[in-house]
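Chemist: Mind having a look at this structure? Questions to follow.
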Amino acid sequence: YNPIFGRTILLQSKEYAYNSNNEYTLSTTDYEYNPVNYLVNKVKSTNSKGELIETCTYYPNDYSIAGAIDLLQINNIISNPVSSQTFVTKNGNQKYLLNGSVSEFGVLSNGDIKVSKTHSFRSSEPIISTLVPFNSSQLIPNTNYYKDTGSVIYDASSNPVQINSDNGKVSSIYDYDNKLPVATVINATTDDIAYTSFETESLGGWSMNLGSSYVTDKSITGKRSFSGSLNKTLIH
């Protein structure tokens, strides 16, 4: 027999919404795919006004930019979305940008490639698409309309220890071989917080004062406790 192989992709979906009279409205969504990673790169549908809504997603292979994005391609990390744009085509075939976002990547000290900053479309009203065209050699379409909205700080193990956004800061402390978050604090920087259970060798941001030590033969919970004092210097 001949083996069957290949891939199946969704090209179109239809949703029927019926009322009590058994009458329906039909919503159709069309999908297009990136030719390199085979992920969805365009979704088209029609809103209640009959206007075309189109969302485009761009991946590393869509860009020709040196640096972290080029390294993503070299390392075959091509499934991470870099940017997206959502357009509406109004009567008269004028296309306007409704929403947009861009992820800026950076190379960490251990060689990992992670999102370092985010940029988002900011405008009180939709703008004509010609003002924010996609350009493979330019990460941010138009800095007049795309603003910095976030950044991420990582530790030596590539854990996100501080996430900054429009809503504030969220910082985390990792333990157990730097694999699991053991504490998360809202509205504080990673330099402002400390936590440890004394069960591991990590002090979680604390500094042990002279004469202090772990106690392995006495504990209320867990396997050990701490004798002495800790300190932390806050930087403001």
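Ligands are numbered from 1 in the order shown, chains are lettered A, B, ... in the order of the structure tokens, and residues start at 1 in each chain.
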Please list as a list in words every residue within 7 Å of Asp148 (chain A), counting only C-alpha atoms and excluding residues in the same chain fewer than 3 positions away.
Modeler: Thr118, His119 and Ser120 of chain A
Chemist: Write out the residues from the selection above, keeping N, CA and C atoms, as a CSV table (one decimal), in the first residue's frame.
Modeler:
chain,number,residue,atom,x,y,z
A,118,THR,N,7.9,45.4,24.2
A,118,THR,CA,6.7,45.4,23.4
A,118,THR,C,6.2,46.8,23.0
A,119,HIS,N,5.7,46.9,21.8
A,119,HIS,CA,5.2,48.2,21.3
A,119,HIS,C,3.8,47.9,20.8
A,120,SER,N,2.9,48.9,21.0
A,120,SER,CA,1.5,48.8,20.6
A,120,SER,C,1.0,50.0,19.9
Chemist: Could you name the residues that touch Ser109 (chain A) at 10 Å or less, counting only C-alpha atoms, but leaving out those on the same chain fewer than 2 positions away, as a PyMOL selection string?
Modeler: chain A and resi 106-107+111-113+154-158
Chemist: Include C-alpha atoms and write out the residues we just selected as a PDB file, in the first residue's frame.
Modeler:
ATOM      1  CA  GLY A 106      16.922  40.468  22.535  1.00  0.00           C
ATOM      2  CA  VAL A 107      19.780  38.046  23.130  1.00  0.00           C
ATOM      3  CA  GLY A 111      22.448  33.053  24.430  1.00  0.00           C
ATOM      4  CA  ASP A 112      18.684  32.619  24.710  1.00  0.00           C
ATOM      5  CA  ILE A 113      16.528  34.836  22.517  1.00  0.00           C
ATOM      6  CA  TYR A 154      15.354  38.168  32.859  1.00  0.00           C
ATOM      7  CA  ASP A 155      17.684  36.399  35.272  1.00  0.00           C
ATOM      8  CA  ALA A 156      20.693  34.299  34.309  1.00  0.00           C
ATOM      9  CA  SER A 157      18.405  31.291  33.730  1.00  0.00           C
ATOM     10  CA  SER A 158      16.167  33.209  31.291  1.00  0.00           C
TER      11      SER A 158
END
Chemist: Determine, counting only C-alpha atoms, which protein, DNA and RNA residues have an atom within 12 Å of an atom of region 36-38 of chain A; residues of the same chain fewer than 3 positions away are not included. Present the result as number ranges by chain.
Modeler: A: 6-10, 31-33, 41-42, 58-62, 73, 76-81
Chemist: So that I can check the surroundings of Leu203 (chain A), please list as a PyMOL selection string every protein, DNA and RNA residue that reaches within 12 Å of it, counting only C-alpha atoms and ignoring chain neighbours fewer than 3 positions away.
Modeler: chain A and resi 173-176+178+182+193-200+206-209+213-214+226+229-232
Chemist: Kindly indicate which residue among A:Val115, A:Leu39, A:Ile69, A:Leu98 lies nearest to Thr55 (chain A), using only C-alpha atoms for the distances.
Modeler: A:Leu98
Chemist: Can you pull out every residue within 12 Å of Asp217 (chain A), counting only C-alpha atoms, but drop anything in the same chain fewer than 5 positions away, and send it as a list of chain:residue names?
Modeler: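 My list of contacting residues is A:Gly222, A:Lys223, A:Arg224, A:Ser225, A:Phe226, A:Ser227.
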Chemist: Could you write out that same residue set with all heavy atoms as a CSV table (one decimal), in the first residue's frame?
Modeler:
chain,number,residue,atom,x,y,z
A,222,GLY,N,8.9,21.5,56.7
A,222,GLY,CA,10.0,21.2,55.8
A,222,GLY,C,11.1,20.5,56.5
A,222,GLY,O,10.9,19.8,57.5
A,223,LYS,N,12.3,20.6,56.0
A,223,LYS,CA,13.5,19.8,56.4
A,223,LYS,C,14.5,20.6,57.2
A,223,LYS,O,15.4,20.0,57.8
A,223,LYS,CB,14.1,19.1,55.2
A,223,LYS,CG,13.3,18.1,54.6
A,223,LYS,CD,14.0,17.4,53.4
A,223,LYS,CE,13.1,16.3,52.8
A,223,LYS,NZ,13.9,15.6,51.7
A,224,ARG,N,14.4,22.0,57.1
A,224,ARG,CA,15.4,22.7,57.8
A,224,ARG,C,14.9,24.1,58.1
A,224,ARG,O,13.8,24.6,57.6
A,224,ARG,CB,16.7,22.8,57.1
A,224,ARG,CG,16.7,23.5,55.8
A,224,ARG,CD,18.0,23.5,55.1
A,224,ARG,NE,18.1,24.3,53.9
A,224,ARG,CZ,19.2,24.4,53.2
A,224,ARG,NH1,20.3,23.8,53.5
A,224,ARG,NH2,19.2,25.2,52.1
A,225,SER,N,15.6,24.8,59.0
A,225,SER,CA,15.2,26.2,59.4
A,225,SER,C,16.4,27.1,59.3
A,225,SER,O,17.5,26.7,58.8
A,225,SER,CB,14.6,26.2,60.8
A,225,SER,OG,15.5,25.7,61.7
A,226,PHE,N,16.3,28.3,59.9
A,226,PHE,CA,17.4,29.3,59.8
A,226,PHE,C,17.6,29.9,61.1
A,226,PHE,O,16.7,30.2,61.9
A,226,PHE,CB,17.0,30.4,58.8
A,226,PHE,CG,18.0,31.5,58.6
A,226,PHE,CD1,19.1,31.3,57.8
A,226,PHE,CD2,17.8,32.7,59.2
A,226,PHE,CE1,20.0,32.3,57.6
A,226,PHE,CE2,18.8,33.7,59.1
A,226,PHE,CZ,19.9,33.5,58.3
A,227,SER,N,18.9,30.1,61.5
A,227,SER,CA,19.2,30.7,62.7
A,227,SER,C,20.1,31.9,62.4
A,227,SER,O,21.1,31.8,61.7
A,227,SER,CB,20.0,29.7,63.6
A,227,SER,OG,20.5,30.4,64.8
Chemist: Please, which residues of region 13-226 of chain A, numbered as in this document, come out strand (DSSP E) from DSSP, as a VMD selection string?
Modeler: chain A and resid 13 to 18 24 to 33 40 to 46 52 to 58 83 to 90 94 to 107 113 to 121 127 to 128 146 to 154 160 to 165 168 to 175 180 to 186 207 to 208 213 to 215 225 to 226
Chemist: How many Å lie between CA of Lys169 (chain A) and CA of Lys117 (chain A), rounded to one decimal?
Modeler: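 Computing the Euclidean distance for CA of Lys169 (chain A) and CA of Lys117 (chain A) yields 13.6 Å.
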Chemist: Determine, counting only C-alpha atoms, which protein, DNA and RNA residues have an atom within 7 Å of an atom of Thr86 (chain A); residues of the same chain fewer than 2 positions away are not included. Present the result as a ChimeraX atom specification.
Modeler: /A:54-56,84,97-100
Chemist: Looking only at the backbone, which of the residues in region 22-129 of chain A does DSSP tag as helix (DSSP H, G or I), as number ranges by chain?
Modeler: A: 60-62, 68-74, 129
Chemist: Write out as a compact mmCIF listing (two decimals) with C-alpha atoms, in the first residue's frame which residues come within 10 Å of Ile235 (chain A) when counting only C-alpha atoms, dropping same-chain ones fewer than 3 positions away.
Modeler:
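Printed below is part23.txt as written:
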# COMPACT_ATOMS: atom_id res chain seq x y z
CA THR A 189 10.88 45.93 41.04
CA ASP A 191 15.46 44.80 43.47
CA ASP A 192 12.72 45.61 46.01
CA LYS A 232 18.36 43.45 52.06
Chemist: Between A:Ser64, A:Ser129, A:Gln162, A:Ser116, which one has atoms that come closest to Pro181 (chain A), using only C-alpha atoms?
Modeler: A:Gln162
Chemist: Identify which of the residues A:Ile163, A:Asn187, A:Lys44, A:Ala17 lies closest to Asp30 (chain A), counting only C-alpha atoms when measuring atom-to-atom distances.
Modeler: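 The closest residue to Asp30 (chain A) is A:Lys44.
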Chemist: Please, what distance in Å, to one decimal, runs between CA of Gly168 (chain A) and CA of Gly205 (chain A)?
Modeler: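 Between CA of Gly168 (chain A) and CA of Gly205 (chain A) the gap works out to 21.1 Å.
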Chemist: What separation in Å, quoted to one decimal, exists between CA of Ser101 (chain A) and CA of Leu139 (chain A)?
Modeler: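 Those two atoms sit 10.5 Å apart.
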Chemist: Can you work out which one of A:Ser13, A:Asn19, A:Ser83, A:Thr89 has the shortest atom-to-atom distance to Gly50 (chain A), counting only C-alpha atoms?
Modeler: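 Closest to Gly50 (chain A) of all the choices is A:Thr89.
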